[in-house]
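Colleague: Following this line is target-v7.cif, made up of mmCIF, C-alpha atoms:
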data_target
loop_
_atom_site.label_atom_id
_atom_site.label_comp_id
_atom_site.auth_asym_id
_atom_site.auth_seq_id
_atom_site.Cartn_x
_atom_site.Cartn_y
_atom_site.Cartn_z
CA MET A 231 0.00 0.00 0.00
CA ASN A 232 1.42 3.40 -0.92
CA ILE A 233 0.80 6.54 1.09
CA GLN A 234 -1.93 7.82 -1.25
CA GLU A 235 -3.90 4.61 -0.78
CA PHE A 236 -3.40 4.92 2.98
CA ILE A 237 -4.73 8.48 2.88
CA SER A 238 -7.79 7.34 0.90
CA ILE A 239 -8.58 4.76 3.57
CA ILE A 240 -8.35 7.41 6.31
CA GLU A 241 -10.59 9.76 4.30
CA ASP A 242 -13.15 6.98 3.84
CA GLU A 243 -13.14 6.08 7.50
CA PHE A 244 -13.52 9.60 8.92
CA ASP A 245 -16.93 10.99 7.96
CA GLU A 246 -15.92 14.59 8.75
CA VAL A 247 -12.96 14.56 6.35
CA GLU A 248 -13.58 15.45 2.72
CA THR A 249 -12.02 13.30 0.02
CA GLY A 250 -8.83 14.90 -1.29
CA SER A 251 -8.39 17.17 1.71
CA LEU A 252 -5.55 15.23 3.35
CA SER A 253 -1.90 15.10 2.33
CA PRO A 254 1.16 13.32 3.76
CA GLU A 255 2.05 16.57 5.55
CA THR A 256 -1.34 16.86 7.29
CA SER A 257 -0.98 16.77 11.04
CA PHE A 258 -3.72 14.34 11.98
CA ARG A 259 -4.31 15.88 15.37
CA GLN A 260 -5.06 19.18 13.61
CA MET A 261 -7.81 17.52 11.56
CA GLU A 262 -11.19 19.10 12.20
CA GLY A 263 -12.94 17.73 15.29
CA TRP A 264 -10.03 15.37 16.15
CA SER A 265 -10.75 13.51 19.39
CA SER A 266 -9.68 10.44 21.32
CA MET A 267 -12.40 8.52 19.42
CA HIS A 268 -10.55 9.24 16.18
CA ALA A 269 -7.40 7.81 17.74
CA LEU A 270 -9.27 4.55 18.44
CA ILE A 271 -10.65 4.47 14.89
CA LEU A 272 -7.14 5.05 13.53
CA ILE A 273 -5.68 2.23 15.68
CA ALA A 274 -8.45 -0.14 14.50
CA LEU A 275 -7.91 0.88 10.87
CA VAL A 276 -4.16 0.30 11.07
CA ASP A 277 -4.70 -3.04 12.82
CA ASN A 278 -7.16 -4.14 10.17
CA HIS A 279 -5.24 -3.03 7.07
CA PHE A 280 -1.62 -3.50 8.21
CA ASP A 281 -1.96 -6.05 11.02
CA VAL A 282 0.14 -3.69 13.12
CA LEU A 283 -0.83 -2.83 16.70
CA LEU A 284 -0.16 0.81 17.44
CA THR A 285 0.04 1.88 21.09
CA GLY A 286 -1.39 5.15 22.38
CA GLU A 287 2.13 6.21 23.27
CA GLU A 288 3.39 5.61 19.72
CA LEU A 289 0.48 7.57 18.30
CA ARG A 290 1.14 10.47 20.68
CA GLY A 291 4.73 10.67 19.43
CA LEU A 292 3.64 11.18 15.81
CA ASN A 293 2.58 14.33 14.04
CA THR A 294 1.83 13.91 10.33
CA ILE A 295 0.22 11.18 8.25
CA GLN A 296 3.67 10.62 6.69
CA ASP A 297 5.11 9.97 10.19
CA LEU A 298 2.40 7.42 10.80
CA TYR A 299 2.90 5.73 7.44
CA ASP A 300 6.67 5.52 8.00
CA LEU A 301 6.20 3.95 11.44
CA LEU A 302 3.82 1.37 10.00
CA GLU A 303 6.29 0.46 7.27
CA THR A 304 9.02 0.00 9.92
CA LYS A 305 6.81 -2.06 12.22
CA LYS A 306 5.60 -4.20 9.34
CA ALA A 307 9.13 -4.99 8.18
CA MET B 172 -2.98 -18.85 29.21
CA ALA B 173 -4.66 -21.55 31.31
CA PHE B 174 -6.72 -24.17 29.48
CA LEU B 175 -9.44 -26.07 31.33
CA LYS B 176 -11.99 -28.68 30.40
CA THR B 177 -15.13 -29.52 32.37
CA GLU B 178 -17.73 -32.25 31.95
CA ASN B 179 -21.38 -32.91 32.73
CA THR B 180 -22.77 -29.37 32.84
CA ARG B 181 -25.78 -28.03 30.98
CA VAL B 182 -27.19 -24.50 30.93
CA SER B 183 -30.96 -24.74 31.31
CA ALA B 184 -32.04 -21.10 31.65
CA ILE B 185 -30.71 -17.56 31.23
CA TYR B 186 -32.82 -14.65 32.53
CA THR B 187 -31.86 -10.98 32.24
CA CYS B 188 -33.31 -8.04 34.13
CA VAL B 189 -32.66 -4.43 33.09
CA PRO B 190 -33.97 -1.18 34.55
CA GLN B 191 -36.89 0.38 32.70
CA LYS B 192 -35.25 3.82 32.49
CA LYS B 193 -33.47 4.55 29.20
CA GLU B 194 -30.83 7.18 28.53
CA ARG B 195 -30.06 8.07 24.95
CA THR B 196 -26.60 9.06 23.72
CA GLU B 197 -28.12 11.85 21.61
CA ASP B 198 -29.42 13.49 24.82
CA TYR B 199 -25.99 13.56 26.53
CA GLU B 200 -25.52 17.32 26.52
CA TRP B 201 -22.08 17.35 28.18
CA ILE B 202 -20.55 16.83 24.70
CA SER B 203 -21.33 18.36 21.28
CA MET B 204 -23.82 16.75 18.91
CA GLN B 205 -20.93 15.90 16.56
CA GLU B 206 -19.13 14.11 19.41
CA ARG B 207 -22.32 12.25 20.35
CA GLN B 208 -22.70 11.01 16.77
CA LEU B 209 -19.07 9.91 16.61
CA PHE B 210 -19.46 8.18 19.98
CA THR B 211 -22.45 6.18 18.69
CA LYS B 212 -20.65 5.33 15.46
CA THR B 213 -17.57 4.08 17.33
CA THR B 214 -19.04 2.37 20.38
CA GLY B 215 -22.36 1.39 18.79
CA ILE B 216 -24.28 2.77 21.80
CA ILE B 217 -27.63 4.39 20.95
CA GLU B 218 -29.14 4.06 24.41
CA ARG B 219 -28.60 2.24 27.67
CA ARG B 220 -30.56 1.28 30.79
CA VAL B 221 -29.94 3.07 34.05
CA ALA B 222 -31.00 1.89 37.51
CA SER B 223 -32.65 4.30 39.96
CA GLU B 224 -30.68 5.58 42.93
CA THR B 225 -32.19 2.97 45.26
CA THR B 226 -31.91 -0.04 42.92
CA THR B 227 -28.81 -2.23 43.25
CA CYS B 228 -27.31 -4.85 40.99
CA SER B 229 -28.53 -7.49 43.44
CA ASP B 230 -32.11 -6.19 43.03
CA LEU B 231 -31.85 -6.77 39.27
CA CYS B 232 -30.33 -10.23 39.80
CA PHE B 233 -32.99 -11.00 42.42
CA GLU B 234 -35.79 -10.22 39.97
CA ALA B 235 -34.20 -12.36 37.23
CA ALA B 236 -33.50 -15.22 39.68
CA SER B 237 -36.87 -15.06 41.34
CA GLN B 238 -38.73 -15.44 38.03
CA LEU B 239 -36.33 -18.16 36.88
CA LEU B 240 -36.75 -20.23 40.07
CA ASN B 241 -40.50 -19.77 39.90
CA ASP B 242 -40.78 -20.69 36.19
CA LEU B 243 -38.57 -23.77 36.58
CA ASN B 244 -39.87 -24.61 40.04
CA CYS B 245 -36.44 -25.53 41.44
CA LYS B 246 -35.85 -23.16 44.39
CA ASP B 247 -35.33 -26.02 46.84
CA GLU B 248 -32.84 -27.81 44.59
CA ILE B 249 -30.19 -25.05 44.36
CA ASP B 250 -26.87 -26.22 45.83
CA LEU B 251 -24.75 -23.17 45.05
CA VAL B 252 -25.47 -19.45 44.67
CA LEU B 253 -22.66 -17.66 42.86
CA PHE B 254 -22.73 -13.86 42.50
CA VAL B 255 -20.20 -12.30 40.11
CA SER B 256 -20.17 -8.51 40.34
CA GLN B 257 -18.11 -5.42 41.14
CA SER B 258 -21.05 -3.58 42.66
CA PRO B 259 -22.06 -5.68 45.69
CA ASP B 260 -24.63 -4.49 48.23
CA TYR B 261 -22.13 -4.18 51.10
CA PHE B 262 -18.41 -4.41 51.86
CA LEU B 263 -19.55 -7.45 53.81
CA PRO B 264 -21.31 -9.86 53.99
CA ALA B 265 -21.18 -11.34 50.49
CA THR B 266 -24.21 -10.41 48.37
CA SER B 267 -24.67 -14.06 47.29
CA ILE B 268 -25.55 -14.94 50.90
CA VAL B 269 -27.99 -12.04 51.14
CA LEU B 270 -29.61 -13.29 47.92
CA GLN B 271 -29.71 -16.93 49.13
CA ASN B 272 -31.91 -15.79 52.01
CA ARG B 273 -33.96 -13.31 49.98
CA LEU B 274 -34.71 -15.94 47.34
CA GLY B 275 -35.63 -18.57 49.94
CA ILE B 276 -32.92 -20.98 48.83
CA PRO B 277 -32.16 -23.70 51.43
CA THR B 278 -29.41 -23.01 53.98
CA ASN B 279 -27.55 -26.21 53.02
CA SER B 280 -26.40 -24.40 49.87
CA LEU B 281 -23.01 -22.80 49.22
CA ALA B 282 -22.93 -19.08 48.49
CA PHE B 283 -20.04 -16.80 47.62
CA ASP B 284 -19.13 -13.74 45.55
CA VAL B 285 -16.48 -13.32 42.86
CA ASN B 286 -15.13 -9.85 42.11
CA LEU B 287 -14.80 -9.72 38.31
CA GLY B 288 -16.30 -7.54 35.59
CA CYS B 289 -16.04 -7.96 31.83
CA SER B 290 -14.59 -11.49 32.02
CA GLY B 291 -16.91 -12.46 34.90
CA PHE B 292 -19.57 -14.40 33.04
CA VAL B 293 -17.11 -16.88 31.54
CA TYR B 294 -15.21 -17.16 34.85
CA GLY B 295 -18.54 -17.86 36.56
CA LEU B 296 -19.37 -20.61 34.08
CA SER B 297 -15.98 -22.14 34.77
CA ILE B 298 -16.41 -22.06 38.55
CA ALA B 299 -19.98 -23.39 38.40
CA SER B 300 -19.11 -26.22 36.02
CA HIS B 301 -16.12 -27.29 38.14
CA PHE B 302 -18.40 -27.61 41.18
CA ILE B 303 -20.96 -29.54 39.12
CA GLN B 304 -18.32 -31.84 37.69
CA SER B 305 -17.28 -32.73 41.26
CA GLY B 306 -20.56 -34.66 41.46
CA ASN B 307 -22.12 -33.37 44.68
CA ILE B 308 -23.45 -30.08 43.35
CA LYS B 309 -26.36 -30.67 40.97
CA LYS B 310 -27.80 -27.19 40.40
CA VAL B 311 -26.07 -23.81 40.44
CA LEU B 312 -27.80 -20.43 40.41
CA PHE B 313 -25.23 -18.14 38.82
CA LEU B 314 -25.94 -14.41 39.11
CA ALA B 315 -23.88 -11.88 37.15
CA GLY B 316 -24.20 -8.18 36.59
CA ASP B 317 -23.31 -4.69 37.68
CA LYS B 318 -24.75 -1.31 38.51
CA SER B 319 -21.84 0.45 36.84
CA THR B 320 -23.67 3.79 36.66
CA ILE B 321 -23.21 4.20 40.43
CA SER B 322 -19.57 5.14 39.92
CA THR B 323 -19.56 7.08 36.63
CA ASN B 324 -19.47 10.88 36.61
CA TYR B 325 -21.76 12.88 34.29
CA GLU B 326 -18.91 15.21 33.36
CA ASP B 327 -16.69 12.32 32.19
CA LYS B 328 -17.37 11.55 28.55
CA SER B 329 -15.05 8.53 28.68
CA THR B 330 -17.30 6.59 31.10
CA PHE B 331 -20.72 8.18 31.61
CA PRO B 332 -22.31 7.42 28.21
CA LEU B 333 -20.68 3.97 28.00
CA PHE B 334 -22.16 1.91 30.83
CA GLY B 335 -25.59 0.42 31.36
CA ASP B 336 -26.96 -1.53 34.32
CA ALA B 337 -28.17 -5.13 34.20
CA GLY B 338 -28.51 -8.24 36.34
CA THR B 339 -28.72 -11.82 35.11
CA ALA B 340 -29.51 -15.27 36.46
CA THR B 341 -28.28 -18.46 34.81
CA LEU B 342 -29.23 -21.97 35.90
CA LEU B 343 -26.61 -24.67 35.43
CA GLU B 344 -27.34 -28.35 36.04
CA PHE B 345 -25.58 -31.69 36.23
CA ASP B 346 -26.19 -33.64 33.01
CA GLU B 347 -24.32 -36.85 32.32
CA THR B 348 -24.97 -36.54 28.58
CA ALA B 349 -23.64 -32.97 28.29
CA LYS B 350 -20.63 -32.40 26.04
CA SER B 351 -17.44 -31.04 27.59
CA TRP B 352 -16.78 -27.33 27.92
CA ASN B 353 -13.35 -25.94 27.04
CA PHE B 354 -12.03 -22.77 28.63
CA SER B 355 -9.06 -20.46 28.15
CA MET B 356 -8.42 -17.99 30.95
CA ALA B 357 -5.77 -15.36 31.67
CA SER B 358 -4.97 -12.37 33.87
CA ASP B 359 -2.56 -9.44 33.65
CA GLY B 360 -2.51 -7.04 36.59
CA LYS B 361 -0.17 -4.68 34.70
CA GLY B 362 -3.42 -3.31 33.32
CA LYS B 363 -4.92 -2.58 36.76
CA ASP B 364 -4.93 1.19 36.26
CA ALA B 365 -6.68 1.04 32.88
CA ILE B 366 -10.11 0.54 34.49
CA ILE B 367 -10.17 1.39 38.18
CA ILE B 368 -12.10 3.00 41.03
CA GLU B 369 -9.18 4.10 43.18
CA HIS B 370 -10.79 5.29 46.40
CA GLY B 371 -13.35 3.77 48.74
CA HIS B 372 -11.83 0.41 49.61
CA SER B 373 -8.89 -0.46 51.86
CA ARG B 374 -6.00 0.89 49.74
CA ASN B 375 -7.55 4.36 49.92
CA PRO B 376 -10.24 3.92 52.57
CA TYR B 377 -13.68 5.42 52.83
CA GLY B 378 -12.79 7.92 55.53
CA ARG B 379 -10.08 9.39 53.34
CA ILE B 380 -12.04 9.52 50.08
CA ASP B 381 -10.87 12.30 47.85
CA ASP B 382 -14.14 13.88 46.76
CA GLU B 383 -12.64 16.71 44.77
CA THR B 384 -13.61 16.63 41.10
CA VAL B 385 -10.75 17.68 38.83
CA GLU B 386 -10.46 18.16 35.09
CA ILE B 387 -8.24 15.45 33.59
CA GLU B 388 -8.61 16.70 30.01
CA PRO B 389 -11.34 18.54 28.08
CA GLY B 390 -14.61 16.64 28.56
CA ILE B 391 -13.25 14.50 31.39
CA LYS B 392 -13.80 15.55 35.00
CA ARG B 393 -13.85 13.10 37.87
CA SER B 394 -12.80 12.45 41.47
CA LYS B 395 -10.92 9.46 42.84
CA LYS B 396 -14.17 7.78 43.87
CA HIS B 397 -15.35 7.69 40.26
CA LEU B 398 -14.65 5.02 37.69
CA LYS B 399 -11.59 5.85 35.57
CA LEU B 400 -11.19 4.28 32.16
CA ASN B 401 -8.27 4.56 29.78
CA GLY B 402 -10.05 3.73 26.53
CA MET B 403 -6.90 3.53 24.43
CA GLU B 404 -5.17 1.07 26.77
CA VAL B 405 -8.24 -1.15 27.00
CA PHE B 406 -8.64 -1.03 23.24
CA ASN B 407 -5.03 -2.07 22.67
CA PHE B 408 -5.29 -4.86 25.24
CA ALA B 409 -8.40 -6.26 23.51
CA LEU B 410 -6.86 -6.07 20.03
CA LYS B 411 -3.70 -7.78 21.25
CA GLU B 412 -5.11 -10.59 23.42
CA VAL B 413 -8.64 -11.60 22.43
CA ALA B 414 -8.24 -13.05 18.93
CA PRO B 415 -5.05 -15.04 19.73
CA SER B 416 -6.62 -16.47 22.92
CA ILE B 417 -9.62 -17.66 20.90
CA LYS B 418 -7.38 -19.25 18.28
CA GLU B 419 -5.38 -21.06 20.99
CA LEU B 420 -8.57 -22.31 22.63
CA LEU B 421 -9.79 -23.72 19.31
CA VAL B 422 -6.55 -25.71 19.08
CA PHE B 423 -6.94 -26.97 22.69
CA ALA B 424 -10.56 -27.97 22.03
CA GLU B 425 -9.65 -29.54 18.67
CA LYS B 426 -12.26 -27.45 16.89
CA GLN B 427 -12.21 -25.53 13.64
CA ILE B 428 -13.49 -21.97 13.69
CA GLU B 429 -16.06 -22.94 11.03
CA GLU B 430 -17.66 -25.33 13.55
CA ILE B 431 -18.65 -22.40 15.80
CA ASP B 432 -22.18 -21.18 15.08
CA TYR B 433 -22.17 -18.02 17.23
CA PHE B 434 -19.58 -15.83 18.91
CA VAL B 435 -20.95 -13.87 21.85
CA PHE B 436 -18.38 -11.30 22.91
CA HIS B 437 -18.39 -8.97 25.90
CA GLN B 438 -20.00 -5.73 24.77
CA ALA B 439 -17.42 -3.05 25.53
CA ASN B 440 -17.27 -1.18 22.29
CA LYS B 441 -18.51 -2.07 18.79
CA LEU B 442 -15.17 -1.07 17.26
CA ILE B 443 -13.36 -3.66 19.43
CA ASN B 444 -15.82 -6.40 18.51
CA ASP B 445 -15.66 -5.53 14.80
CA SER B 446 -11.85 -5.62 14.94
CA VAL B 447 -11.77 -9.00 16.71
CA ARG B 448 -14.34 -10.34 14.23
CA LYS B 449 -12.23 -9.21 11.26
CA LYS B 450 -9.06 -10.70 12.78
CA LEU B 451 -10.82 -14.06 13.15
CA LYS B 452 -12.48 -13.71 9.72
CA ILE B 453 -15.96 -14.40 11.10
CA GLU B 454 -19.16 -13.45 9.28
CA GLU B 455 -21.02 -10.52 10.86
CA ASN B 456 -24.24 -12.51 11.39
CA LYS B 457 -22.43 -14.88 13.74
CA VAL B 458 -21.56 -12.07 16.16
CA PRO B 459 -24.69 -10.68 17.86
CA LEU B 460 -24.65 -7.26 19.57
CA SER B 461 -26.54 -5.81 22.51
CA ILE B 462 -24.38 -2.75 23.13
CA ASP B 463 -26.59 -0.69 20.79
CA TYR B 464 -29.55 -0.54 23.20
CA PHE B 465 -27.95 -1.52 26.52
CA GLY B 466 -24.39 -0.09 26.56
CA ASN B 467 -21.52 -1.90 28.29
CA THR B 468 -23.23 -4.01 30.96
CA SER B 469 -20.07 -5.58 32.45
CA SER B 470 -20.46 -9.26 33.41
CA ALA B 471 -24.11 -9.21 32.26
CA SER B 472 -23.21 -8.41 28.66
CA ILE B 473 -22.92 -12.01 27.37
CA PRO B 474 -26.12 -13.43 28.93
CA LEU B 475 -27.98 -10.21 28.00
CA THR B 476 -26.85 -10.55 24.39
CA ILE B 477 -28.02 -14.19 24.34
CA CYS B 478 -31.44 -13.22 25.76
CA LYS B 479 -31.84 -10.28 23.38
CA GLU B 480 -30.47 -11.65 20.12
CA LEU B 481 -30.45 -15.46 20.32
CA GLU B 482 -33.65 -16.23 22.24
CA GLN B 483 -35.16 -18.40 19.48
CA ILE B 484 -31.91 -20.16 18.67
CA VAL B 485 -30.83 -21.19 22.19
CA SER B 486 -34.34 -22.39 23.00
CA ASN B 487 -34.30 -24.81 20.07
CA GLU B 488 -31.63 -26.83 18.34
CA GLU B 489 -28.12 -27.46 19.64
CA LYS B 490 -25.53 -24.98 18.43
CA THR B 491 -21.88 -24.46 19.29
CA TYR B 492 -20.92 -21.15 20.86
CA ILE B 493 -17.83 -19.22 21.75
CA LEU B 494 -18.43 -16.84 24.67
CA SER B 495 -15.60 -14.43 25.39
CA GLY B 496 -15.24 -11.77 28.08
CA PHE B 497 -12.30 -9.36 28.41
CA GLY B 498 -11.51 -6.15 30.28
CA VAL B 499 -11.09 -4.87 33.83
CA GLY B 500 -8.07 -6.38 35.57
CA PHE B 501 -6.95 -7.05 32.89
CA SER B 502 -8.75 -10.37 32.89
CA TRP B 503 -9.97 -12.40 29.93
CA ALA B 504 -11.68 -15.73 29.44
CA THR B 505 -13.29 -17.69 26.63
CA VAL B 506 -15.38 -20.85 26.57
CA ILE B 507 -16.49 -23.18 23.79
CA LEU B 508 -19.75 -24.91 24.69
CA GLU B 509 -23.00 -26.27 23.27
CA LEU B 510 -26.33 -24.69 24.15
CA ALA B 511 -29.76 -26.20 23.44
CA ASN B 512 -33.21 -26.01 25.02
CA VAL B 513 -32.19 -22.99 27.08
CA LYS B 514 -35.14 -21.03 28.43
CA THR B 515 -34.56 -17.27 28.28
CA LYS B 516 -36.44 -14.19 29.45
CA MET B 517 -35.90 -10.43 29.31
CA ILE B 518 -37.41 -8.60 32.28
CA GLU B 519 -37.82 -4.85 32.88
CA TYR B 520 -37.39 -3.58 36.42
CA ALA B 521 -39.82 -0.75 37.20
#
Would you write the structure of this file as structure tokens?
Modeller:
Amino acid sequence: MNIQEFISIIEDEFDEVETGSLSPETSFRQMEGWSSMHALILIALVDNHFDVLLTGEELRGLNTIQDLYDLLETKKA
Amino acid sequence: MAFLKTENTRVSAIYTCVPQKKERTEDYEWISMQERQLFTKTTGIIERRVASETTTCSDLCFEAASQLLNDLNCKDEIDLVLFVSQSPDYFLPATSIVLQNRLGIPTNSLAFDVNLGCSGFVYGLSIASHFIQSGNIKKVLFLAGDKSTISTNYEDKSTFPLFGDAGTATLLEFDETAKSWNFSMASDGKGKDAIIIEHGHSRNPYGRIDDETVEIEPGIKRSKKHLKLNGMEVFNFALKEVAPSIKELLVFAEKQIEEIDYFVFHQANKLINDSVRKKLKIEENKVPLSIDYFGNTSSASIPLTICKELEQIVSNEEKTYILSGFGVGFSWATVILELANVKTKMIEYA
């Protein structure tokens, strides 16, 4: 999965986010209406698509979607 | 992971009692409408049942048990009363003993409490079936449930809209022809702080309760006497442990996952159950839900889900079930068992 495909999955999953509005540089915590519920949805999404379990601590240490994608690639390897 | 096998036990009835009063997520004004909608989408909770100030978990269990004993006419045959709950009537004596007397069950019965929540129903089945397998206990009245709303704070969005109250009564009997039950059980106290009520018992006693409500983060205010829940930690625990423990149990029981007709999971959060279901590659129609209209009902969630969603099925032909509870402790337990001819009832407590 490349990063554009990853972004499409996030856009599909989050109802509040318009398609095409996210980029690798988007800070996901700055996304409109971001809450702890979104963090859970993101963890479930990553678990489902990548089979990678992301901890809350790992997520807190990340800023952009690119950061997240890079971490997933490392953890998957 | 501990694996256990028990013989000669049959479930003959499961009764559930819930309070009449409903609280809807959309009416929870402490958070914005957008947050309420996201909460329902994620957790699955549309509404839940809430007990009145004077109603206890044991009152709900009493009502369920009383109707069960009456309908099956077996009050005098109960050998063991087991009460699994984290909201007992008193510090002491054990609520099971109070209920033995209230229900008019003979004094030559055993009665004791077990302090477990989300995993409690499966633990209770394990305890009851071990007693039955011993040969001298023929009928067990197993009561499970919680009044979780007693310890949640309105101004805490991480707990208040999540929990519902319920009490259940399950009758287990000795049956020489019953197929064996296979259990997997585990505990990890490293997760003790993930779901906890810190003050009020002997570590931080009643007289020194810290009543001050403080803001933990936006939308979350509570005192030390309130239930604290770290949603992210619980979520990660469930994603990490539940699916592998079920797979290992299938190996121990020498069963294929395709042989399981229904999977009844503890109802903590729809997102958790969907994730576990996807990991195990199970069809959606094999995983019934009750969280939508009852919230997280702690140890009552599995029997409640059976009464609500599988009433016709458990009362008829024999099917194979996986029941799995996981959460507070952390503690988790799964059983593979057959259910058939089980009488069920849903009762509303006025």
Colleague: Show me, as an NGL selection string, the residues of chain A whose atoms get within 10 Å of chain B, using only C-alpha atoms for the distance check.
Modeller: :A and (244-246 or 263-271 or 273-275 or 277-278 or 281-287)
Colleague: Skip segment 227-241 of chain B itself and residues of its chain fewer than 2 positions away, then list as a PyMOL selection string all residues within 10 Å of it, counting all atoms listed in the file.
Modeller: chain B and resi 184-190+222-225+243-249+254+256-260+266-267+269-271+273-276+312-319+321+336-342+471+514-520
Colleague: Atom CA of Trp503 of chain B and atom CA of Lys457 of chain B, how far apart in Å?
Modeller: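 Distance reported for this atom pair: 20.6 Å.
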Colleague: Leaving out segment 481-489 of chain B and any residue of its chain fewer than 5 positions from it, which residues lie within 12 Å of it when counting only C-alpha atoms, given as an MDAnalysis selection string?
Modeller: chainID B and resid 181:187 349:350 431:435 456:461 473:476 508:517
Colleague: What is the distance between atom CA of Asn179 of chain B and atom CA of Ala265 of chain B, in Å to one decimal?
Modeller: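 Between atom CA of Asn179 of chain B and atom CA of Ala265 of chain B the gap works out to 27.9 Å.
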Colleague: How many Å lie between atom CA of Met172 of chain B and atom CA of Ile298 of chain B, rounded to one decimal?
Modeller: 16.7 Å
Colleague: I need the output of the PyMOL selection byres ((chain A and resi 235) around 12) for this file as a list in words; which residues are they?
Modeller: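 Listing what the PyMOL selection byres ((chain A and resi 235) around 12) selects in the shown file: Met231, Asn232, Ile233, Gln234, Phe236, Ile237, Ser238, Ile239, Ile240, Glu241, Asp242, Thr249, Gly250, Leu252, Ser253, Pro254, His279, Ile295 and Tyr299 of chain A.
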Colleague: Evaluating the PyMOL selection byres ((chain B and resi 282) around 8) on the displayed file yields which residues, as a list in words?
Modeller: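 Applying the expression gives Leu251, Val252, Leu253, Phe254, Ser267, Ile268, Gln271, Ser280, Leu281, Phe283 and Asp284 of chain B.
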Colleague: Between B:Thr211, B:Glu386, B:Thr180, B:Met356, which is the closest to Ile308 of chain B once you count only C-alpha atoms?
Modeller: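 Closest to Ile308 of chain B, using only C-alpha atoms: B:Thr180.
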Colleague: Rank nothing, just name the residue among B:Ser290, B:Asn375, B:Gln208, B:Ser355 nearest to Phe436 of chain B, using only C-alpha atoms.
Modeller: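 Looking at the shortest contact to Phe436 of chain B, the residue is B:Ser290.
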Colleague: Taking into account all atoms listed in the file, which residue in the set B:Ser416, B:Ser495, B:Thr196, B:Gln191 is nearest to Pro332 of chain B?
Modeller: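 For Pro332 of chain B, the nearest of the given residues is B:Thr196.
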Colleague: Any idea what's packed within 9 Å of Thr177 of chain B, counting only C-alpha atoms, ignoring anything in its chain fewer than 6 positions away? Could you give it as number ranges by chain?
Modeller: B: 297, 300-301, 303-304, 350-354
Colleague: Have a look at B:Ile367, B:Met204, B:Cys289, B:Pro376 and name the one nearest to Phe262 of chain B; count all atoms listed in the file.
Modeller: B:Pro376
Colleague: If we count all atoms listed in the file and set the cut-off at 8 Å, which residues sit around Lys193 of chain B, ignoring sequence neighbours fewer than 5 positions away in its own chain? Please answer as a list in words.
Modeller: Glu218, Arg219, Arg220 and Val221 of chain B
